[in-house]
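Report on the following structure.
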There are 2 protein chains.
Amino acid sequence: MAEANRISLNTATVSRQWSLAQCVEGCLRHGFGGISPWRDKLHEAGVAEGARLIRNSGLGVSGLCRGGWYTAEGALTPAVLDDNRRAVDEAAAIGAACLVMVVGGLPKGSRDIDGAREIVTEGLAHTLEYAREAGVPIALEPLHPMYAGDRACVNTTGQALDICDQLGEGIGLALDVYHVWWDPEVKRQIARAGRERLLAFHICDWLVPTRDLVLDRGMMGDGVIDIDGLRAAVEAEGFDGLLEVEIFSDANWWNRDPDEVLSTIAQRVAALA
Amino acid sequence: MAEANRISLNTATVSRQWSLAQCVEGCLRHGFGGISPWRDKLHEAGVAEGARLIRNSGLGVSGLCRGGWYTAEGALTPAVLDDNRRAVDEAAAIGAACLVMVVGGLPKGSRDIDGAREIVTEGLAHTLEYAREAGVPIALEPLHPMYAGDRACVNTTGQALDICDQLGEGIGLALDVYHVWWDPEVKRQIARAGRERLLAFHICDWLVPTRDLVLDRGMMGDGVIDIDGLRAAVEAEGFDGLLEVEIFSDANWWNRDPDEVLSTIAQRVAALA
């Protein structure tokens, strides 16, 4: 089992219901150990005010979601690279343990996934250089293969680690069980990653059936992911970060009282091995 | 480009509109070179009558869909193994180039994907023994990772080849671009497979956005898959089988005049490299 103070609330989990300030208050009220804001929530609050709120709360900050999206304009434009530098600055401002990267899918009209992957690697190299100076670890998140077209063309833990190895220090993985649970290679790749490359661990569940490709994630325990097994694998490598809960749920959790959502999270995390 | 006689119609593509007999007639009318029936269509026609229809047509038979589903009852029951033997017999009866295997996902209530994979490998070994006697090649189909929970726990080309290597002769791959296009390893694994293991090649397209996990496949050219690149990779290994078109499309192609569907397929295949 894990206590509530091991939990970090990713603000996407209650994005429809709560502002950043409400998320911070909710985390404190439920005894959560940390928070991980999305940038839109942070921008709504204002970065300086949001950073003040978070720092004063004493909560851990397991990440900032998200930089990346390198393929959005079909090439690495100044706008894309600037936005990623701002994301690094914001991660530093809130004291985030890492900046989570959702790298972008195929450029509009393209079928060249190898080309998209090259754009992404080059983009990450630029951002990484800036992030090292700022002392912000970059957490590359492999996304489920069903997002290869439109969200992220980095789709397996092994592929993400190949990129990390190519780029060197200061970059590692944000592993979300939702994206990686199906992968026959995942435990071997977690061992390959080791402590150095394991920067964030996100939990939720895969529902059967899944009714929407993006907005139908399940609460831990309601689906088929062996969360205990994956958690044991990352902790065996020495990962001791927070368990970040990130649930997009258009038809269920986004329609509930957020205090009920946080209570349920605490119960379900307590029920883990 | 490819001529219509290189196309095989998977009956799922017009499953809502046409019987097996209508599919056979449609293939002949449009100059297609082959057909690949689903078992439900074959059973509707009656296996003997369906086999007679297909054999008399002179069409190639690129496969029979599908055997597998080994995890349906949580263990390899006689019912599951019997059904697979019947599938082999039916594939032999219609002269199919292979029996396509959709292996099954997690057993109901299970989170043990490694265990599911063991059941599948053992089940395939049983069916393979029978299929070798019958002279029917077994075509293991890796399914997209989004189906790991409920349809197939074999999810990458590399994983499928590991199983083939473990089981020996008489088993290979049915590669559907829809399932494998995202995989950074796919071309390397196609080369690893070689001529011997490449038994079937299925085409359709991945739509952006995809609105349903199962029934929203696209017509070739309407999505983001580099079909030409994948086809070149299998043909570079010597694959010279038919291009089997398998499109599940609840909101589009299943609602159209099937002759329009087949004409469109012929046009789109002609537009391939």
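Here's how to read the names in the structure tokens: chain A, B, ... by the order shown, residue numbers from 1 in each chain, ligand numbers from 1 in the order shown.
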
(request) Write down as an NGL selection string the residues of region 41-145 of chain B whose backbone DSSP state falls under helix (DSSP H, G or I). (result) :B and (41-45 or 47-57 or 78-94 or 113-134 or 145)

For the contact check between chain A and chain B, emit one row per residue of chain A within 6 Å, containing the shortest atom pair and the distance in Å rounded to one decimal, counting only C-alpha atoms, chain then rising number order, as a Markdown table.
```
| residue | atom | partner | partner_atom | distance |
| --- | --- | --- | --- | --- |
| A:Arg111 | CA | B:Val224 | CA | 4.9 |
| A:Val224 | CA | B:Arg111 | CA | 4.9 |
| A:Ile225 | CA | B:Arg111 | CA | 5.8 |
| A:Asp226 | CA | B:Arg111 | CA | 5.4 |
```

(message) as a PyMOL selection string, please: the residues near Glu3 (chain A) (cut-off 12 Å, only C-alpha atoms, same-chain neighbours under 2 positions excluded).
(response) chain A and resi 1+5-8+30-33+242-243+265-273

(message) According to DSSP computed on the backbone, where in region 7-150 of chain A is there strand (DSSP E)? Give the residues as a list of chain:residue names.
(response) A:Ile7, A:Ser8, A:Leu9, A:Asn10, A:Gly34, A:Ile35, A:Ser36, A:Gly60, A:Val61, A:Leu64, A:Cys65, A:Arg66, A:Gly67, A:Gly68, A:Leu99, A:Val100, A:Met101, A:Val102, A:Ile138, A:Ala139, A:Leu140

Go ahead and save the picked residues with N, CA, C and O atoms, as a CSV table (one decimal), in the first residue's frame.
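So the final result, stored in selection_17.csv, reads:
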```
chain,number,residue,atom,x,y,z
A,7,ILE,N,1.3,10.5,-3.2
A,7,ILE,CA,0.5,10.8,-4.4
A,7,ILE,C,0.8,12.2,-4.8
A,7,ILE,O,0.8,13.1,-4.0
A,8,SER,N,0.9,12.4,-6.1
A,8,SER,CA,0.9,13.7,-6.7
A,8,SER,C,-0.3,13.8,-7.6
A,8,SER,O,-0.6,12.9,-8.4
A,9,LEU,N,-1.0,14.9,-7.5
A,9,LEU,CA,-2.2,15.1,-8.4
A,9,LEU,C,-1.8,15.8,-9.7
A,9,LEU,O,-1.4,17.0,-9.6
A,10,ASN,N,-2.0,15.2,-10.8
A,10,ASN,CA,-1.8,15.9,-12.1
A,10,ASN,C,-3.1,16.6,-12.3
A,10,ASN,O,-4.2,16.1,-12.2
A,34,GLY,N,2.1,15.8,-3.4
A,34,GLY,CA,2.5,16.7,-4.5
A,34,GLY,C,1.5,17.0,-5.5
A,34,GLY,O,0.3,16.6,-5.5
A,35,ILE,N,1.9,17.8,-6.5
A,35,ILE,CA,1.1,18.3,-7.6
A,35,ILE,C,1.9,18.3,-8.8
A,35,ILE,O,3.1,18.4,-8.8
A,36,SER,N,1.2,18.2,-10.0
A,36,SER,CA,1.9,18.3,-11.3
A,36,SER,C,0.9,19.1,-12.2
A,36,SER,O,-0.1,18.6,-12.7
A,60,GLY,N,5.3,18.8,-3.0
A,60,GLY,CA,6.2,18.4,-4.0
A,60,GLY,C,5.7,18.7,-5.4
A,60,GLY,O,4.4,18.8,-5.6
A,61,VAL,N,6.5,18.8,-6.4
A,61,VAL,CA,6.1,19.1,-7.8
A,61,VAL,C,6.7,18.1,-8.7
A,61,VAL,O,7.9,18.1,-9.1
A,64,LEU,N,6.0,19.3,-14.7
A,64,LEU,CA,5.1,20.3,-15.4
A,64,LEU,C,4.8,19.6,-16.7
A,64,LEU,O,5.6,19.2,-17.4
A,65,CYS,N,3.5,19.7,-17.0
A,65,CYS,CA,3.0,19.1,-18.3
A,65,CYS,C,2.6,20.3,-19.2
A,65,CYS,O,1.7,21.0,-18.8
A,66,ARG,N,3.0,20.5,-20.3
A,66,ARG,CA,4.0,19.7,-21.0
A,66,ARG,C,4.7,20.6,-22.0
A,66,ARG,O,4.1,21.5,-22.5
A,67,GLY,N,5.9,20.3,-22.3
A,67,GLY,CA,6.6,20.8,-23.4
A,67,GLY,C,6.5,19.9,-24.6
A,67,GLY,O,5.8,18.9,-24.6
A,68,GLY,N,7.3,20.2,-25.7
A,68,GLY,CA,7.3,19.3,-26.8
A,68,GLY,C,6.6,19.8,-28.0
A,68,GLY,O,6.8,21.0,-28.4
A,99,LEU,N,10.3,18.5,-16.6
A,99,LEU,CA,9.4,19.0,-17.6
A,99,LEU,C,9.0,17.8,-18.5
A,99,LEU,O,9.9,17.2,-19.2
A,100,VAL,N,7.7,17.5,-18.5
A,100,VAL,CA,7.3,16.3,-19.3
A,100,VAL,C,7.1,16.7,-20.7
A,100,VAL,O,6.5,17.8,-21.0
A,101,MET,N,7.6,15.9,-21.6
A,101,MET,CA,7.6,16.2,-23.1
A,101,MET,C,6.6,15.3,-23.8
A,101,MET,O,6.9,14.1,-23.9
A,102,VAL,N,5.6,15.9,-24.4
A,102,VAL,CA,4.8,15.2,-25.4
A,102,VAL,C,5.2,15.7,-26.7
A,102,VAL,O,5.0,16.9,-27.0
A,138,ILE,N,14.6,17.0,-18.3
A,138,ILE,CA,13.6,16.8,-19.4
A,138,ILE,C,13.1,15.3,-19.3
A,138,ILE,O,13.9,14.4,-19.4
A,139,ALA,N,11.8,15.2,-19.2
A,139,ALA,CA,11.2,13.8,-19.1
A,139,ALA,C,10.5,13.5,-20.3
A,139,ALA,O,9.3,14.0,-20.6
A,140,LEU,N,11.1,12.7,-21.2
A,140,LEU,CA,10.5,12.3,-22.5
A,140,LEU,C,9.4,11.3,-22.2
A,140,LEU,O,9.7,10.2,-21.5
```

(message) Under the rule that only C-alpha atoms are counted, which of A:Ala233, A:Ala4, A:Gln17, A:Gly58 is the nearest residue to Arg256 (chain A)?
(response) A:Gln17

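Between Asn252 (chain B) and the residues B:Ala72, B:Val14, B:Leu143, B:Ala87, the shortest atom-to-atom distance, using only C-alpha atoms, involves B:Val14.
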
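With only C-alpha atoms as the basis for measurement, B:Tyr130 is the residue among B:Phe201, B:Leu59, B:Trp38, B:Tyr130 that approaches Asp82 (chain B) most closely.
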
(request) Quick one: pull the distance between CA of Phe239 (chain A) and CA of Ala191 (chain A), Å, one decimal. (result) 11.1 Å
